[in-house]
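Some notes on the structure that comes next.
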Amino acid sequence: MCNTCGCDANDHQHKHHAPSASVPESSELYTAILQPDEIVAARNRQQFEHHRVLVVNLMSSPGSGKTQLIEQTIQTLNDEITIAVIEGDLDTENDALRIRRHGVQAEQITTGTACHLDAAMIETVLPKFSLDTIDILFIENVGNLICPACFDLGQDANVVLLSVPEGDDKPEKYPVMFRAADLMLITKTDYLPVATAFSIHRATQSFRNVGGRAPVQELAAPLDRGVSAWIDWLLSAYAQKFTALSTPSPSETADAPPKC
Amino acid sequence: MIWFQQMHEFSICQSVLEQVEQITRRHHARRVTRIVLSVGPLSGVVDVLLQRAFDALRLGSVAETAVLDIHTPAVIVACPSCKKESRVPTNRLLCPHCQQWQTTLVSGDELVLLRIEFAPNTLSDNGHSVENEHV
């Protein structure tokens with residue numbers, strides 16, 4: 001590369017240093033705009049592949065049951081699978097403390113006022129984990145149905161939670177987030193008897209309306225209802241990645257991140 | 001400036017300007033008069049915020065006096081059942097003809113740099129270029 005102007009030429013005979021250099025009127029392109037975090041996310045993804053870790057990004061409104069889902073998963077799988085957690089919140093260590101009570105490593109990222117986690121934040125916290133010993137890493141994103149969808153962290157799958165008290169039309173209100181889902185989990189279905197305005201059918205339809213093609217599951221964590229279907233999905237995602245990594249073409253294993 | 005750093009349109013605009021600077025140099029140009037982008041309604045990027053970020057970030061760049069022209073492509077889905085392509089609202093990607101939900105998005109989530117227009121190099125631009133040429 002030319003050190004003077006940064007162009008691709010490798011000698012200094014090229015014309016554009018001469019006063020007579022001609023400038024075109026325009027340049028017709030059709031180039032994707034690089035997402036700022038793309039390179040860091042790719043580095044994270046590479047680390048996860050290298051250490052054989054399945055990374056699941058949990059996204060939802062605040063209070064829809066992300067931490068509870070992780071706790072339930074730990075209780076169900078702790079003996080067979082090693083889980084670790086990255087917690088994202090604006091403030092407090094509350095969620096990390098909840099997870100650590102189960103004997104699982106959890107690192108809290110407090111974002112201050114930022115409304116999402118980004119790949120650089122994840123990269124910064126990764127050295128605190130011994131990735132070789134981890135099978136599944138959950139990233140509990142900041143509770144927010146908007147921005148987290150636009151940031152690739154290096155994850156394998158996005159799980160979007162929609163809790164019954166929120167209402168069944170959330171997918172149509174936040175289409176970018178729900179379109180990015182690899183699984184939509186309708187949580188807190190134990191509230192259905194009192195949240196009579198919520199319809200599972202309408203929520204699913206709302207998800208399909210915005211282009212959501214992923215499976216939809218229902219979960220009532222305190223009643224243990226729907227947990228086994230969730231665990232099956234998770235283990236099959238893990239097995240899929242593990243099998244894919246064992247095949248000769250590992251570069252094809254990473255799912256394309258949501259484009260936004 | 002804190003609000004700027006919190007929105008991702010700010011960092012996307014930085015990315016655009018970096019790409020524009022590179023392409024401008026490659027075309028031997030010094031100044032850009034227009035940048036044309038295509039920002040899909042499903043891209044997660046808000047055109048008004050991108051414009052605001054651009055107004056702050058262009059200062060001191062090759063695009064200092066450039067116009068940022070943001071095109072909004074239609075959201076179009078292709079139906080695997082009835083084989084039709086249809087223009088649809090951002091939150092209703094079903095096939096409007098047969099209600100099939102397993103449609104493919106043809107357009108609507110893109111984030112693309114379409115065109116850059118350059119100003120001809122003036123004498124002072126060329127003078128600058130000559131000064132830098134003592135290699």
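In the structure tokens, chains take the letters A, B, ... in the order shown, each chain's residues start at 1, and ligands count up from 1 in the order shown.
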(request) Enumerate as a PyMOL selection string the residues belonging to chain B that approach chain A to within 6 Å, with only C-alpha atoms taken into account. (result) chain B and resi 6+26+28-29+42-44+91-94+101+111-118+120+126+129
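Taking the backbone of this structure through DSSP, the residues of region 78-169 of chain A that come out as helix (DSSP H, G or I) are Asn94, Asp95, Ala96, Leu97, Arg98, Ile99, Arg100, Ala119, Ala120, Met121, Ile122, Glu123, Thr124, Val125, Leu126, Pro127, Lys128, Leu131, Asp132, Thr133, Cys147, Pro148, Ala149, Cys150, Val164, Pro165 and Glu166 of chain A.
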Save the residues we just selected, C-alpha atoms, as a CSV table (one decimal), in the first residue's frame?
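Heads up, here's the output in part_39.csv:
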chain,number,residue,atom,x,y,z
A,94,ASN,CA,-28.0,-8.6,41.4
A,95,ASP,CA,-28.3,-11.0,38.5
A,96,ALA,CA,-24.7,-12.3,38.7
A,97,LEU,CA,-25.2,-12.9,42.4
A,98,ARG,CA,-28.4,-14.9,41.7
A,99,ILE,CA,-26.5,-17.1,39.2
A,100,ARG,CA,-23.4,-17.5,41.5
A,119,ALA,CA,-19.0,-7.3,21.1
A,120,ALA,CA,-16.2,-5.3,22.6
A,121,MET,CA,-17.7,-5.5,26.1
A,122,ILE,CA,-18.0,-9.3,25.7
A,123,GLU,CA,-14.4,-9.5,24.5
A,124,THR,CA,-13.2,-7.6,27.5
A,125,VAL,CA,-14.9,-10.0,30.0
A,126,LEU,CA,-13.9,-13.2,28.2
A,127,PRO,CA,-10.4,-13.6,29.8
A,128,LYS,CA,-12.2,-14.0,33.2
A,131,LEU,CA,-13.5,-21.2,28.1
A,132,ASP,CA,-12.1,-24.8,27.7
A,133,THR,CA,-14.1,-25.9,30.6
A,147,CYS,CA,-31.0,-2.0,20.4
A,148,PRO,CA,-29.6,-5.4,21.4
A,149,ALA,CA,-30.9,-6.9,18.2
A,150,CYS,CA,-28.5,-4.7,16.2
A,164,VAL,CA,-47.4,-13.0,29.1
A,165,PRO,CA,-47.9,-9.8,31.1
A,166,GLU,CA,-46.2,-7.8,28.3
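Nearest residue to His71 (chain B) among B:Val16, B:Val106, B:Val48, B:Cys95 is B:Val48, counting only C-alpha atoms.
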(message) Could you tell me how far CA of Val46 (chain B) sits from CA of Leu162 (chain A), in Å to one decimal place?
(response) 24.1 Å
(message) With DSSP run on the backbone, what are the strand (DSSP E or B) residues within region 156-248 of chain A? I'd like them as a ChimeraX atom specification.
(response) /A:157-163,183-187,216-220,225
Next, the residues of the selection above should be written as a PDB file, in the first residue's frame with N, CA and C atoms.
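Written output follows (out_8.pdb):
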ATOM      1  N   ALA A 157     -26.761 -18.313  18.764  1.00  0.00           N
ATOM      2  CA  ALA A 157     -28.223 -18.259  18.649  1.00  0.00           C
ATOM      3  C   ALA A 157     -28.783 -17.123  19.490  1.00  0.00           C
ATOM      4  N   ASN A 158     -29.874 -16.560  19.001  1.00  0.00           N
ATOM      5  CA  ASN A 158     -30.622 -15.552  19.750  1.00  0.00           C
ATOM      6  C   ASN A 158     -31.911 -16.173  20.246  1.00  0.00           C
ATOM      7  N   VAL A 159     -32.132 -16.076  21.547  1.00  0.00           N
ATOM      8  CA  VAL A 159     -33.416 -16.507  22.094  1.00  0.00           C
ATOM      9  C   VAL A 159     -34.129 -15.251  22.587  1.00  0.00           C
ATOM     10  N   VAL A 160     -35.325 -15.014  22.052  1.00  0.00           N
ATOM     11  CA  VAL A 160     -36.081 -13.834  22.466  1.00  0.00           C
ATOM     12  C   VAL A 160     -37.251 -14.288  23.331  1.00  0.00           C
ATOM     13  N   LEU A 161     -37.363 -13.685  24.509  1.00  0.00           N
ATOM     14  CA  LEU A 161     -38.435 -14.038  25.441  1.00  0.00           C
ATOM     15  C   LEU A 161     -39.550 -13.008  25.338  1.00  0.00           C
ATOM     16  N   LEU A 162     -40.777 -13.498  25.382  1.00  0.00           N
ATOM     17  CA  LEU A 162     -41.935 -12.603  25.429  1.00  0.00           C
ATOM     18  C   LEU A 162     -42.781 -13.089  26.589  1.00  0.00           C
ATOM     19  N   SER A 163     -42.887 -12.282  27.654  1.00  0.00           N
ATOM     20  CA  SER A 163     -43.630 -12.761  28.817  1.00  0.00           C
ATOM     21  C   SER A 163     -45.094 -12.357  28.687  1.00  0.00           C
ATOM     22  N   LEU A 183     -35.270 -18.655  18.409  1.00  0.00           N
ATOM     23  CA  LEU A 183     -36.319 -19.307  19.199  1.00  0.00           C
ATOM     24  C   LEU A 183     -37.074 -18.202  19.918  1.00  0.00           C
ATOM     25  N   MET A 184     -38.404 -18.259  19.868  1.00  0.00           N
ATOM     26  CA  MET A 184     -39.179 -17.329  20.704  1.00  0.00           C
ATOM     27  C   MET A 184     -39.790 -18.129  21.844  1.00  0.00           C
ATOM     28  N   LEU A 185     -39.524 -17.660  23.049  1.00  0.00           N
ATOM     29  CA  LEU A 185     -40.039 -18.336  24.237  1.00  0.00           C
ATOM     30  C   LEU A 185     -41.128 -17.460  24.852  1.00  0.00           C
ATOM     31  N   ILE A 186     -42.329 -17.966  24.907  1.00  0.00           N
ATOM     32  CA  ILE A 186     -43.389 -17.224  25.605  1.00  0.00           C
ATOM     33  C   ILE A 186     -43.314 -17.648  27.070  1.00  0.00           C
ATOM     34  N   THR A 187     -42.882 -16.721  27.906  1.00  0.00           N
ATOM     35  CA  THR A 187     -42.622 -17.057  29.310  1.00  0.00           C
ATOM     36  C   THR A 187     -43.772 -16.587  30.211  1.00  0.00           C
ATOM     37  N   VAL A 216     -41.609 -21.636  18.294  1.00  0.00           N
ATOM     38  CA  VAL A 216     -42.170 -20.894  19.432  1.00  0.00           C
ATOM     39  C   VAL A 216     -42.441 -21.893  20.537  1.00  0.00           C
ATOM     40  N   GLN A 217     -41.961 -21.595  21.740  1.00  0.00           N
ATOM     41  CA  GLN A 217     -42.209 -22.494  22.872  1.00  0.00           C
ATOM     42  C   GLN A 217     -42.863 -21.719  24.006  1.00  0.00           C
ATOM     43  N   GLU A 218     -43.537 -22.459  24.883  1.00  0.00           N
ATOM     44  CA  GLU A 218     -44.160 -21.830  26.053  1.00  0.00           C
ATOM     45  C   GLU A 218     -43.462 -22.324  27.306  1.00  0.00           C
ATOM     46  N   LEU A 219     -43.368 -21.425  28.276  1.00  0.00           N
ATOM     47  CA  LEU A 219     -42.639 -21.781  29.492  1.00  0.00           C
ATOM     48  C   LEU A 219     -43.295 -21.180  30.735  1.00  0.00           C
ATOM     49  N   ALA A 220     -43.551 -22.029  31.728  1.00  0.00           N
ATOM     50  CA  ALA A 220     -43.977 -21.545  33.043  1.00  0.00           C
ATOM     51  C   ALA A 220     -42.956 -22.099  34.024  1.00  0.00           C
ATOM     52  N   ARG A 225     -43.298 -26.154  33.724  1.00  0.00           N
ATOM     53  CA  ARG A 225     -43.989 -26.499  32.474  1.00  0.00           C
ATOM     54  C   ARG A 225     -43.218 -25.912  31.288  1.00  0.00           C
TER      55      ARG A 225
END
